[in-house]
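Chemist: Provided herewith: work_10.pdb, PDB, C-alpha atoms.
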```pdb
ATOM      1  CA  MET O 127     -16.755  -9.393  10.145  1.00  0.00           C
ATOM      2  CA  SER O 128     -18.506  -6.056  10.137  1.00  0.00           C
ATOM      3  CA  ASN O 129     -17.325  -5.312  13.671  1.00  0.00           C
ATOM      4  CA  THR O 130     -14.114  -3.292  13.439  1.00  0.00           C
ATOM      5  CA  SER O 131     -12.691  -4.980  16.521  1.00  0.00           C
ATOM      6  CA  SER O 132     -12.775  -8.347  14.772  1.00  0.00           C
ATOM      7  CA  SER O 133     -10.734  -7.503  11.663  1.00  0.00           C
ATOM      8  CA  PRO O 134      -7.264  -9.088  11.702  1.00  0.00           C
ATOM      9  CA  PHE O 135      -6.034  -6.122   9.639  1.00  0.00           C
ATOM     10  CA  TYR O 136      -5.948  -4.009  12.801  1.00  0.00           C
ATOM     11  CA  ASP O 137      -3.616  -6.472  14.547  1.00  0.00           C
ATOM     12  CA  LEU O 138      -0.880  -5.846  11.953  1.00  0.00           C
ATOM     13  CA  LYS O 139       2.142  -3.557  12.096  1.00  0.00           C
ATOM     14  CA  ALA O 140       4.646  -2.184   9.606  1.00  0.00           C
ATOM     15  CA  VAL O 141       8.030  -0.558  10.082  1.00  0.00           C
ATOM     16  CA  LYS O 142       8.707   2.936   8.775  1.00  0.00           C
ATOM     17  CA  PRO O 143      12.079   3.852   7.222  1.00  0.00           C
ATOM     18  CA  ASN O 144      13.108   5.562  10.486  1.00  0.00           C
ATOM     19  CA  GLY O 145      12.479   2.340  12.425  1.00  0.00           C
ATOM     20  CA  GLN O 146       9.238   3.493  14.045  1.00  0.00           C
ATOM     21  CA  VAL O 147       6.341   1.056  13.980  1.00  0.00           C
ATOM     22  CA  LEU O 148       3.016   1.924  12.374  1.00  0.00           C
ATOM     23  CA  ALA O 149       0.168  -0.070  13.893  1.00  0.00           C
ATOM     24  CA  MET O 150      -2.653  -0.626  11.438  1.00  0.00           C
ATOM     25  CA  ASP O 151      -4.942  -0.157  14.451  1.00  0.00           C
ATOM     26  CA  SER O 152      -4.046   3.557  14.265  1.00  0.00           C
ATOM     27  CA  LEU O 153      -5.845   3.588  10.877  1.00  0.00           C
ATOM     28  CA  ARG O 154      -9.094   2.162  12.253  1.00  0.00           C
ATOM     29  CA  GLY O 155     -12.032   3.935  10.602  1.00  0.00           C
ATOM     30  CA  GLN O 156      -9.960   4.920   7.557  1.00  0.00           C
ATOM     31  CA  VAL O 157     -10.121   3.474   4.055  1.00  0.00           C
ATOM     32  CA  VAL O 158      -6.550   2.272   3.507  1.00  0.00           C
ATOM     33  CA  LEU O 159      -4.845   1.966   0.120  1.00  0.00           C
ATOM     34  CA  VAL O 160      -1.759  -0.247   0.388  1.00  0.00           C
ATOM     35  CA  VAL O 161       0.658  -0.305  -2.574  1.00  0.00           C
ATOM     36  CA  ASN O 162       3.990  -2.051  -3.116  1.00  0.00           C
ATOM     37  CA  THR O 163       6.174   0.595  -4.731  1.00  0.00           C
ATOM     38  CA  ALA O 164       9.542   1.030  -6.456  1.00  0.00           C
ATOM     39  CA  THR O 165      11.381   4.144  -7.571  1.00  0.00           C
ATOM     40  CA  GLN O 166      13.002   2.620 -10.670  1.00  0.00           C
ATOM     41  CA  CYS O 167      10.061   0.819 -12.266  1.00  0.00           C
ATOM     42  CA  GLY O 168       8.239   1.510 -15.518  1.00  0.00           C
ATOM     43  CA  LEU O 169       5.141   2.035 -13.362  1.00  0.00           C
ATOM     44  CA  THR O 170       6.867   4.595 -11.103  1.00  0.00           C
ATOM     45  CA  PRO O 171       4.842   7.453 -12.679  1.00  0.00           C
ATOM     46  CA  GLN O 172       1.917   6.033 -10.665  1.00  0.00           C
ATOM     47  CA  PHE O 173       3.386   7.822  -7.629  1.00  0.00           C
ATOM     48  CA  ALA O 174       1.807  11.022  -9.002  1.00  0.00           C
ATOM     49  CA  GLY O 175      -1.620   9.411  -9.176  1.00  0.00           C
ATOM     50  CA  LEU O 176      -1.269   7.906  -5.707  1.00  0.00           C
ATOM     51  CA  GLU O 177      -0.298  11.308  -4.325  1.00  0.00           C
ATOM     52  CA  ALA O 178      -3.280  12.885  -6.106  1.00  0.00           C
ATOM     53  CA  LEU O 179      -5.606  10.352  -4.441  1.00  0.00           C
ATOM     54  CA  HIS O 180      -3.942  11.054  -1.102  1.00  0.00           C
ATOM     55  CA  GLN O 181      -4.448  14.806  -1.470  1.00  0.00           C
ATOM     56  CA  LYS O 182      -8.016  14.526  -2.759  1.00  0.00           C
ATOM     57  CA  TYR O 183      -9.336  12.056  -0.181  1.00  0.00           C
ATOM     58  CA  LYS O 184      -7.150  12.277   2.947  1.00  0.00           C
ATOM     59  CA  ASP O 185      -9.554  14.679   4.658  1.00  0.00           C
ATOM     60  CA  ARG O 186     -12.434  12.306   3.935  1.00  0.00           C
ATOM     61  CA  GLY O 187     -10.683   9.317   5.494  1.00  0.00           C
ATOM     62  CA  LEU O 188      -8.323   7.767   2.933  1.00  0.00           C
ATOM     63  CA  SER O 189      -4.862   6.681   4.054  1.00  0.00           C
ATOM     64  CA  VAL O 190      -2.367   5.753   1.327  1.00  0.00           C
ATOM     65  CA  LEU O 191       0.587   3.599   2.424  1.00  0.00           C
ATOM     66  CA  GLY O 192       3.569   2.818   0.196  1.00  0.00           C
ATOM     67  CA  PHE O 193       5.528  -0.372   0.821  1.00  0.00           C
ATOM     68  CA  PRO O 194       8.775  -0.223  -1.185  1.00  0.00           C
ATOM     69  CA  CYS O 195       9.904  -3.586  -2.494  1.00  0.00           C
ATOM     70  CA  ASP O 196      13.051  -4.703  -4.317  1.00  0.00           C
ATOM     71  CA  GLN O 197      11.817  -8.173  -5.317  1.00  0.00           C
ATOM     72  CA  PHE O 198      11.022  -7.313  -8.932  1.00  0.00           C
ATOM     73  CA  ALA O 199      14.022  -6.787 -11.239  1.00  0.00           C
ATOM     74  CA  HIS O 200      15.926  -4.869  -8.504  1.00  0.00           C
ATOM     75  CA  GLN O 201      13.779  -1.758  -9.090  1.00  0.00           C
ATOM     76  CA  GLU O 202      14.121  -0.430  -5.527  1.00  0.00           C
ATOM     77  CA  PRO O 203      17.889  -0.706  -4.996  1.00  0.00           C
ATOM     78  CA  VAL O 204      18.402   2.341  -2.778  1.00  0.00           C
ATOM     79  CA  ALA O 205      18.451   2.523   1.009  1.00  0.00           C
ATOM     80  CA  ASP O 206      15.234   3.456   2.816  1.00  0.00           C
ATOM     81  CA  SER O 207      16.366   7.009   3.585  1.00  0.00           C
ATOM     82  CA  ASP O 208      17.354   7.613  -0.047  1.00  0.00           C
ATOM     83  CA  MET O 209      14.102   6.072  -1.285  1.00  0.00           C
ATOM     84  CA  VAL O 210      12.030   8.421   0.858  1.00  0.00           C
ATOM     85  CA  GLU O 211      13.965  11.409  -0.490  1.00  0.00           C
ATOM     86  CA  VAL O 212      13.609  10.241  -4.126  1.00  0.00           C
ATOM     87  CA  CYS O 213       9.856   9.806  -3.650  1.00  0.00           C
ATOM     88  CA  ARG O 214       9.511  13.216  -2.031  1.00  0.00           C
ATOM     89  CA  VAL O 215      11.724  15.191  -4.424  1.00  0.00           C
ATOM     90  CA  ASN O 216      11.122  13.395  -7.733  1.00  0.00           C
ATOM     91  CA  HIS O 217       7.490  12.387  -7.291  1.00  0.00           C
ATOM     92  CA  GLY O 218       6.049  14.804  -4.702  1.00  0.00           C
ATOM     93  CA  VAL O 219       5.060  11.983  -2.351  1.00  0.00           C
ATOM     94  CA  THR O 220       3.740  13.099   1.034  1.00  0.00           C
ATOM     95  CA  PHE O 221       1.830   9.925   1.973  1.00  0.00           C
ATOM     96  CA  PRO O 222       3.591   7.549   4.392  1.00  0.00           C
ATOM     97  CA  LEU O 223       6.181   5.128   3.066  1.00  0.00           C
ATOM     98  CA  MET O 224       7.231   2.048   4.990  1.00  0.00           C
ATOM     99  CA  ALA O 225      10.675   0.482   5.176  1.00  0.00           C
ATOM    100  CA  LYS O 226      11.626  -1.664   2.204  1.00  0.00           C
ATOM    101  CA  SER O 227      10.250  -5.166   2.650  1.00  0.00           C
ATOM    102  CA  ASP O 228       9.279  -8.337   0.813  1.00  0.00           C
ATOM    103  CA  VAL O 229       5.767  -8.854  -0.533  1.00  0.00           C
ATOM    104  CA  ASN O 230       6.334 -12.475  -1.624  1.00  0.00           C
ATOM    105  CA  GLY O 231       8.214 -15.451  -0.224  1.00  0.00           C
ATOM    106  CA  PRO O 232       9.152 -16.514   3.299  1.00  0.00           C
ATOM    107  CA  GLU O 233      10.067 -12.979   4.444  1.00  0.00           C
ATOM    108  CA  THR O 234       6.802 -11.366   3.294  1.00  0.00           C
ATOM    109  CA  ASN O 235       5.853  -8.532   5.629  1.00  0.00           C
ATOM    110  CA  GLU O 236       2.767  -9.294   7.687  1.00  0.00           C
ATOM    111  CA  VAL O 237       0.593  -6.642   6.054  1.00  0.00           C
ATOM    112  CA  PHE O 238       1.026  -8.150   2.591  1.00  0.00           C
ATOM    113  CA  ARG O 239       0.761 -11.697   3.944  1.00  0.00           C
ATOM    114  CA  TYR O 240      -2.674 -10.807   5.310  1.00  0.00           C
ATOM    115  CA  LEU O 241      -3.859  -8.792   2.301  1.00  0.00           C
ATOM    116  CA  LYS O 242      -2.844 -11.518  -0.156  1.00  0.00           C
ATOM    117  CA  SER O 243      -4.716 -14.160   1.849  1.00  0.00           C
ATOM    118  CA  ALA O 244      -7.790 -11.902   2.111  1.00  0.00           C
ATOM    119  CA  ASN O 245      -7.947 -11.453  -1.681  1.00  0.00           C
ATOM    120  CA  LYS O 246      -5.901 -13.961  -3.646  1.00  0.00           C
ATOM    121  CA  GLY O 247      -6.105 -12.300  -7.042  1.00  0.00           C
ATOM    122  CA  PHE O 248      -6.769 -13.654 -10.510  1.00  0.00           C
ATOM    123  CA  LEU O 249      -3.524 -15.583 -10.939  1.00  0.00           C
ATOM    124  CA  GLY O 250      -3.041 -16.716  -7.347  1.00  0.00           C
ATOM    125  CA  GLU O 251      -1.861 -15.187  -4.138  1.00  0.00           C
ATOM    126  CA  ASP O 252       1.569 -13.794  -5.081  1.00  0.00           C
ATOM    127  CA  ILE O 253       2.114 -10.177  -6.011  1.00  0.00           C
ATOM    128  CA  LYS O 254       3.065 -10.144  -9.699  1.00  0.00           C
ATOM    129  CA  TRP O 255       4.962  -6.839  -9.948  1.00  0.00           C
ATOM    130  CA  ASN O 256       5.504  -3.444  -8.347  1.00  0.00           C
ATOM    131  CA  PHE O 257       2.457  -1.233  -7.760  1.00  0.00           C
ATOM    132  CA  GLY O 258       0.059  -4.028  -6.819  1.00  0.00           C
ATOM    133  CA  LYS O 259      -2.729  -2.347  -4.831  1.00  0.00           C
ATOM    134  CA  PHE O 260      -5.080  -3.320  -2.011  1.00  0.00           C
ATOM    135  CA  LEU O 261      -7.964  -1.186  -0.800  1.00  0.00           C
ATOM    136  CA  VAL O 262      -9.166  -1.941   2.735  1.00  0.00           C
ATOM    137  CA  SER O 263     -12.596  -0.800   3.905  1.00  0.00           C
ATOM    138  CA  ARG O 264     -13.122   1.432   6.949  1.00  0.00           C
ATOM    139  CA  ASP O 265     -14.007  -1.558   9.113  1.00  0.00           C
ATOM    140  CA  GLY O 266     -11.086  -3.631   7.815  1.00  0.00           C
ATOM    141  CA  ALA O 267     -13.447  -6.370   6.666  1.00  0.00           C
ATOM    142  CA  GLU O 268     -13.373  -5.831   2.895  1.00  0.00           C
ATOM    143  CA  VAL O 269     -10.176  -6.046   0.854  1.00  0.00           C
ATOM    144  CA  LEU O 270     -10.217  -5.155  -2.843  1.00  0.00           C
ATOM    145  CA  ARG O 271      -7.207  -6.063  -4.988  1.00  0.00           C
ATOM    146  CA  PHE O 272      -5.970  -4.280  -8.091  1.00  0.00           C
ATOM    147  CA  ALA O 273      -3.307  -5.197 -10.644  1.00  0.00           C
ATOM    148  CA  PRO O 274      -0.057  -3.233 -10.938  1.00  0.00           C
ATOM    149  CA  THR O 275      -1.243  -1.856 -14.278  1.00  0.00           C
ATOM    150  CA  THR O 276      -4.424  -0.436 -12.743  1.00  0.00           C
ATOM    151  CA  VAL O 277      -3.633   3.263 -12.561  1.00  0.00           C
ATOM    152  CA  PRO O 278      -4.577   5.083  -9.354  1.00  0.00           C
ATOM    153  CA  GLU O 279      -7.243   7.187 -11.093  1.00  0.00           C
ATOM    154  CA  GLN O 280      -9.160   3.977 -11.844  1.00  0.00           C
ATOM    155  CA  LEU O 281      -9.561   3.385  -8.081  1.00  0.00           C
ATOM    156  CA  GLU O 282     -11.623   6.519  -7.441  1.00  0.00           C
ATOM    157  CA  LYS O 283     -15.007   4.807  -7.909  1.00  0.00           C
ATOM    158  CA  ASP O 284     -14.069   2.129  -5.349  1.00  0.00           C
ATOM    159  CA  ILE O 285     -12.576   4.668  -2.939  1.00  0.00           C
ATOM    160  CA  GLU O 286     -15.713   6.795  -3.166  1.00  0.00           C
ATOM    161  CA  ALA O 287     -17.892   3.739  -2.495  1.00  0.00           C
ATOM    162  CA  LEU O 288     -15.898   2.853   0.639  1.00  0.00           C
ATOM    163  CA  LEU O 289     -15.747   6.401   1.963  1.00  0.00           C
TER     164      LEU O 289
END
```
Once you've parsed the file, please lay out its structure as structure tokens.

Modeler:
Amino acid sequence: MSNTSSSPFYDLKAVKPNGQVLAMDSLRGQVVLVVNTATQCGLTPQFAGLEALHQKYKDRGLSVLGFPCDQFAHQEPVADSDMVEVCRVNHGVTFPLMAKSDVNGPETNEVFRYLKSANKGFLGEDIKWNFGKFLVSRDGAEVLRFAPTTVPEQLEKDIEALL
């Protein structure tokens, strides 16, 4: 699967909070860090680290995407527009955030459905908590998975290797 045209990742789409669609194909050639996020989680301080990665590596080809999710202890209870504002004002987030969506169960958004099947994780396919992370290689063929407790700074070695 080293040919970028053959990666199923590039066939996927996600919806932004404003209703616009983001085609993963528009990220072809980028290293993509996908994270399920929440603004009222004990791991919410990771937004700062994610933003730091975004700022440090965006010009070298890293795209960070936040996928807010309210499936874990109701830690993303606000509307999409409010969530975007909270992330911007309280956490300095400038990387793209998607509309709130499910990462587990029958309504799982297609990006997470694919990523979970591409790298099932230590305890099975399901996402265990907010701030689960997936790192997708430039050609879309390699998917690395990281636990919610893996802080963004710990991803730098893997990001560097994929850039």

Chemist: For stretch 195-203 of chain O, list every protein, DNA or RNA residue within 7 Å, evaluated using all atoms listed in the file, and leave out those in the same chain fewer than 2 positions away; present the list as a PDB file with C-alpha atoms, keeping the file's coordinate frame.

Modeler:
```pdb
ATOM      1  CA  ASN O 162       3.990  -2.051  -3.116  1.00  0.00           C
ATOM      2  CA  THR O 163       6.174   0.595  -4.731  1.00  0.00           C
ATOM      3  CA  ALA O 164       9.542   1.030  -6.456  1.00  0.00           C
ATOM      4  CA  THR O 165      11.381   4.144  -7.571  1.00  0.00           C
ATOM      5  CA  GLN O 166      13.002   2.620 -10.670  1.00  0.00           C
ATOM      6  CA  CYS O 167      10.061   0.819 -12.266  1.00  0.00           C
ATOM      7  CA  PHE O 193       5.528  -0.372   0.821  1.00  0.00           C
ATOM      8  CA  ALA O 205      18.451   2.523   1.009  1.00  0.00           C
ATOM      9  CA  LYS O 226      11.626  -1.664   2.204  1.00  0.00           C
ATOM     10  CA  SER O 227      10.250  -5.166   2.650  1.00  0.00           C
ATOM     11  CA  ASP O 228       9.279  -8.337   0.813  1.00  0.00           C
ATOM     12  CA  VAL O 229       5.767  -8.854  -0.533  1.00  0.00           C
ATOM     13  CA  TRP O 255       4.962  -6.839  -9.948  1.00  0.00           C
ATOM     14  CA  ASN O 256       5.504  -3.444  -8.347  1.00  0.00           C
TER      15      ASN O 256
END
```

Chemist: Would you compute the distance between atom CA of O:Thr276 and atom CA of O:Gln156? Give it in Å to one decimal.

Modeler: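 Between atom CA of O:Thr276 and atom CA of O:Gln156 the gap works out to 21.7 Å.
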
Chemist: Run the PyMOL selection byres ((chain O and resi 173) around 9) mentally over the shown coordinates, then write out the matched residues as a PyMOL selection string, using the chain letters and numbers from the document.

Modeler: chain O and resi 163+165+169-172+174-178+213+217-219+278

Chemist: Rank O:Leu261, O:Met209, O:Ile285, O:Leu179 by their smallest atom-to-atom distance to O:Val158, using all atoms listed in the file, and report the top residue only.

Modeler: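 Of the candidates, the smallest distance to O:Val158 is held by O:Leu261.
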
Chemist: Give the answer as one residue: which of O:Asp185, O:Glu236, O:Asp151, O:Glu251 has the shortest atom-to-atom distance to O:Leu289, using all atoms listed in the file?

Modeler: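 Looking at the shortest contact to O:Leu289, the residue is O:Asp185.
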
Chemist: Starting from the displayed file, determine the output of the PyMOL selection byres ((chain O and resi 159) around 7) and express the residue list as a ChimeraX atom specification.

Modeler: /O:157-158,160-161,189-191,259-262

Chemist: Go ahead and write the residues just picked, C-alpha atoms, as a JSON list (two decimals), keeping the file's coordinate frame.

Modeler:
```
[["chain", "number", "residue", "atom", "x", "y", "z"],
["O", 157, "VAL", "CA", -10.12, 3.47, 4.06],
["O", 158, "VAL", "CA", -6.55, 2.27, 3.51],
["O", 160, "VAL", "CA", -1.76, -0.25, 0.39],
["O", 161, "VAL", "CA", 0.66, -0.30, -2.57],
["O", 189, "SER", "CA", -4.86, 6.68, 4.05],
["O", 190, "VAL", "CA", -2.37, 5.75, 1.33],
["O", 191, "LEU", "CA", 0.59, 3.60, 2.42],
["O", 259, "LYS", "CA", -2.73, -2.35, -4.83],
["O", 260, "PHE", "CA", -5.08, -3.32, -2.01],
["O", 261, "LEU", "CA", -7.96, -1.19, -0.80],
["O", 262, "VAL", "CA", -9.17, -1.94, 2.74]]
```

Chemist: My list of candidates is O:Asp137, O:Pro222, O:Pro143, O:Lys283. Which is closest to O:Ser207 when distances are computed with only C-alpha atoms?

Modeler: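 Going through O:Asp137, O:Pro222, O:Pro143, O:Lys283 one by one, the smallest distance to O:Ser207 is for O:Pro143.
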
Chemist: Grab the atom CA of O:Ala244 to atom CA of O:Gly168 distance for me, in Å with one decimal place.

Modeler: 27.3 Å

Chemist: Could you tell me how far atom CA of O:Arg239 lies from atom CA of O:Asp265, in Å and to one decimal?

Modeler: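 Computing it gives 18.6 Å between the two atoms.
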
Chemist: Please list as a VMD selection string every residue within 9 Å of O:Phe135, counting all atoms listed in the file and excluding residues in the same chain fewer than 6 positions away.

Modeler: chain O and resid 150 to 151 237 240 to 241 262 266 to 267

Chemist: Using all atoms listed in the file, which residue out of O:Leu288, O:Pro232, O:Thr220, O:Gly192 lies closest to O:Gly258?

Modeler: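 Using all atoms listed in the file, O:Gly258 sits closest to O:Gly192.
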
Chemist: Between O:Ala287, O:His180, O:Phe238, O:Arg154, which one has atoms that come closest to O:Arg271, using only C-alpha atoms?

Modeler: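 When distances to O:Arg271 are compared using only C-alpha atoms, the smallest one comes from O:Phe238.
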
Chemist: For a quick check of understanding, using all atoms listed in the file, which of O:Leu188, O:Val215, O:Leu223, O:Val277 has the smallest distance to O:Gly145?

Modeler: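 Result for the nearest residue to O:Gly145: O:Leu223.
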
Chemist: Mind filling out stretch 157-191 of chain O with N, CA and C atoms and sending it as a PDB file, in the coordinates of the input?

Modeler:
```pdb
ATOM      1  N   VAL O 157     -10.282   4.339   5.219  1.00  0.00           N
ATOM      2  CA  VAL O 157     -10.121   3.474   4.055  1.00  0.00           C
ATOM      3  C   VAL O 157      -8.621   3.504   3.777  1.00  0.00           C
ATOM      4  N   VAL O 158      -8.003   2.347   3.644  1.00  0.00           N
ATOM      5  CA  VAL O 158      -6.550   2.272   3.507  1.00  0.00           C
ATOM      6  C   VAL O 158      -6.189   1.688   2.145  1.00  0.00           C
ATOM      7  N   LEU O 159      -5.373   2.429   1.397  1.00  0.00           N
ATOM      8  CA  LEU O 159      -4.845   1.966   0.120  1.00  0.00           C
ATOM      9  C   LEU O 159      -3.393   1.578   0.339  1.00  0.00           C
ATOM     10  N   VAL O 160      -3.100   0.288   0.182  1.00  0.00           N
ATOM     11  CA  VAL O 160      -1.759  -0.247   0.388  1.00  0.00           C
ATOM     12  C   VAL O 160      -1.181  -0.603  -0.979  1.00  0.00           C
ATOM     13  N   VAL O 161       0.038  -0.110  -1.262  1.00  0.00           N
ATOM     14  CA  VAL O 161       0.658  -0.305  -2.574  1.00  0.00           C
ATOM     15  C   VAL O 161       2.109  -0.708  -2.387  1.00  0.00           C
ATOM     16  N   ASN O 162       2.551  -1.766  -3.104  1.00  0.00           N
ATOM     17  CA  ASN O 162       3.990  -2.051  -3.116  1.00  0.00           C
ATOM     18  C   ASN O 162       4.613  -1.197  -4.212  1.00  0.00           C
ATOM     19  N   THR O 163       5.615  -0.426  -3.843  1.00  0.00           N
ATOM     20  CA  THR O 163       6.174   0.595  -4.731  1.00  0.00           C
ATOM     21  C   THR O 163       7.639   0.333  -5.074  1.00  0.00           C
ATOM     22  N   ALA O 164       8.128   1.049  -6.071  1.00  0.00           N
ATOM     23  CA  ALA O 164       9.542   1.030  -6.456  1.00  0.00           C
ATOM     24  C   ALA O 164       9.849   2.314  -7.211  1.00  0.00           C
ATOM     25  N   THR O 165      11.026   2.866  -6.962  1.00  0.00           N
ATOM     26  CA  THR O 165      11.381   4.144  -7.571  1.00  0.00           C
ATOM     27  C   THR O 165      11.999   4.019  -8.959  1.00  0.00           C
ATOM     28  N   GLN O 166      12.363   2.788  -9.372  1.00  0.00           N
ATOM     29  CA  GLN O 166      13.002   2.620 -10.670  1.00  0.00           C
ATOM     30  C   GLN O 166      12.251   1.602 -11.525  1.00  0.00           C
ATOM     31  N   CYS O 167      10.954   1.741 -11.565  1.00  0.00           N
ATOM     32  CA  CYS O 167      10.061   0.819 -12.266  1.00  0.00           C
ATOM     33  C   CYS O 167       9.371   1.578 -13.395  1.00  0.00           C
ATOM     34  N   GLY O 168       8.990   0.877 -14.441  1.00  0.00           N
ATOM     35  CA  GLY O 168       8.239   1.510 -15.518  1.00  0.00           C
ATOM     36  C   GLY O 168       6.900   2.067 -15.041  1.00  0.00           C
ATOM     37  N   LEU O 169       6.411   1.559 -13.907  1.00  0.00           N
ATOM     38  CA  LEU O 169       5.141   2.035 -13.362  1.00  0.00           C
ATOM     39  C   LEU O 169       5.326   3.135 -12.323  1.00  0.00           C
ATOM     40  N   THR O 170       6.564   3.556 -12.090  1.00  0.00           N
ATOM     41  CA  THR O 170       6.867   4.595 -11.103  1.00  0.00           C
ATOM     42  C   THR O 170       6.048   5.877 -11.304  1.00  0.00           C
ATOM     43  N   PRO O 171       5.693   6.262 -12.534  1.00  0.00           N
ATOM     44  CA  PRO O 171       4.842   7.453 -12.679  1.00  0.00           C
ATOM     45  C   PRO O 171       3.519   7.362 -11.902  1.00  0.00           C
ATOM     46  N   GLN O 172       3.132   6.164 -11.466  1.00  0.00           N
ATOM     47  CA  GLN O 172       1.917   6.033 -10.665  1.00  0.00           C
ATOM     48  C   GLN O 172       2.028   6.751  -9.317  1.00  0.00           C
ATOM     49  N   PHE O 173       3.240   7.054  -8.871  1.00  0.00           N
ATOM     50  CA  PHE O 173       3.386   7.822  -7.629  1.00  0.00           C
ATOM     51  C   PHE O 173       2.567   9.111  -7.704  1.00  0.00           C
ATOM     52  N   ALA O 174       2.560   9.765  -8.857  1.00  0.00           N
ATOM     53  CA  ALA O 174       1.807  11.022  -9.002  1.00  0.00           C
ATOM     54  C   ALA O 174       0.319  10.790  -8.787  1.00  0.00           C
ATOM     55  N   GLY O 175      -0.215   9.728  -9.349  1.00  0.00           N
ATOM     56  CA  GLY O 175      -1.620   9.411  -9.176  1.00  0.00           C
ATOM     57  C   GLY O 175      -1.960   9.016  -7.750  1.00  0.00           C
ATOM     58  N   LEU O 176      -1.054   8.277  -7.110  1.00  0.00           N
ATOM     59  CA  LEU O 176      -1.269   7.906  -5.707  1.00  0.00           C
ATOM     60  C   LEU O 176      -1.278   9.148  -4.823  1.00  0.00           C
ATOM     61  N   GLU O 177      -0.346  10.060  -5.096  1.00  0.00           N
ATOM     62  CA  GLU O 177      -0.298  11.308  -4.325  1.00  0.00           C
ATOM     63  C   GLU O 177      -1.556  12.137  -4.568  1.00  0.00           C
ATOM     64  N   ALA O 178      -2.049  12.150  -5.803  1.00  0.00           N
ATOM     65  CA  ALA O 178      -3.280  12.885  -6.106  1.00  0.00           C
ATOM     66  C   ALA O 178      -4.467  12.304  -5.325  1.00  0.00           C
ATOM     67  N   LEU O 179      -4.549  10.975  -5.240  1.00  0.00           N
ATOM     68  CA  LEU O 179      -5.606  10.352  -4.441  1.00  0.00           C
ATOM     69  C   LEU O 179      -5.454  10.730  -2.980  1.00  0.00           C
ATOM     70  N   HIS O 180      -4.221  10.689  -2.498  1.00  0.00           N
ATOM     71  CA  HIS O 180      -3.942  11.054  -1.102  1.00  0.00           C
ATOM     72  C   HIS O 180      -4.428  12.480  -0.822  1.00  0.00           C
ATOM     73  N   GLN O 181      -4.070  13.412  -1.676  1.00  0.00           N
ATOM     74  CA  GLN O 181      -4.448  14.806  -1.470  1.00  0.00           C
ATOM     75  C   GLN O 181      -5.967  15.002  -1.572  1.00  0.00           C
ATOM     76  N   LYS O 182      -6.588  14.337  -2.519  1.00  0.00           N
ATOM     77  CA  LYS O 182      -8.016  14.526  -2.759  1.00  0.00           C
ATOM     78  C   LYS O 182      -8.882  13.940  -1.646  1.00  0.00           C
ATOM     79  N   TYR O 183      -8.460  12.791  -1.093  1.00  0.00           N
ATOM     80  CA  TYR O 183      -9.336  12.056  -0.181  1.00  0.00           C
ATOM     81  C   TYR O 183      -8.851  11.949   1.262  1.00  0.00           C
ATOM     82  N   LYS O 184      -7.665  12.460   1.578  1.00  0.00           N
ATOM     83  CA  LYS O 184      -7.150  12.277   2.947  1.00  0.00           C
ATOM     84  C   LYS O 184      -8.062  12.903   3.997  1.00  0.00           C
ATOM     85  N   ASP O 185      -8.672  14.026   3.690  1.00  0.00           N
ATOM     86  CA  ASP O 185      -9.554  14.679   4.658  1.00  0.00           C
ATOM     87  C   ASP O 185     -10.908  13.985   4.784  1.00  0.00           C
ATOM     88  N   ARG O 186     -11.184  13.080   3.862  1.00  0.00           N
ATOM     89  CA  ARG O 186     -12.434  12.306   3.935  1.00  0.00           C
ATOM     90  C   ARG O 186     -12.208  10.914   4.517  1.00  0.00           C
ATOM     91  N   GLY O 187     -10.935  10.590   4.826  1.00  0.00           N
ATOM     92  CA  GLY O 187     -10.683   9.317   5.494  1.00  0.00           C
ATOM     93  C   GLY O 187      -9.906   8.292   4.707  1.00  0.00           C
ATOM     94  N   LEU O 188      -9.182   8.703   3.665  1.00  0.00           N
ATOM     95  CA  LEU O 188      -8.323   7.767   2.933  1.00  0.00           C
ATOM     96  C   LEU O 188      -6.901   7.878   3.447  1.00  0.00           C
ATOM     97  N   SER O 189      -6.287   6.742   3.726  1.00  0.00           N
ATOM     98  CA  SER O 189      -4.862   6.681   4.054  1.00  0.00           C
ATOM     99  C   SER O 189      -4.164   5.863   2.985  1.00  0.00           C
ATOM    100  N   VAL O 190      -3.175   6.449   2.322  1.00  0.00           N
ATOM    101  CA  VAL O 190      -2.367   5.753   1.327  1.00  0.00           C
ATOM    102  C   VAL O 190      -1.061   5.355   2.010  1.00  0.00           C
ATOM    103  N   LEU O 191      -0.670   4.094   1.857  1.00  0.00           N
ATOM    104  CA  LEU O 191       0.587   3.599   2.424  1.00  0.00           C
ATOM    105  C   LEU O 191       1.415   2.957   1.321  1.00  0.00           C
TER     106      LEU O 191
END
```
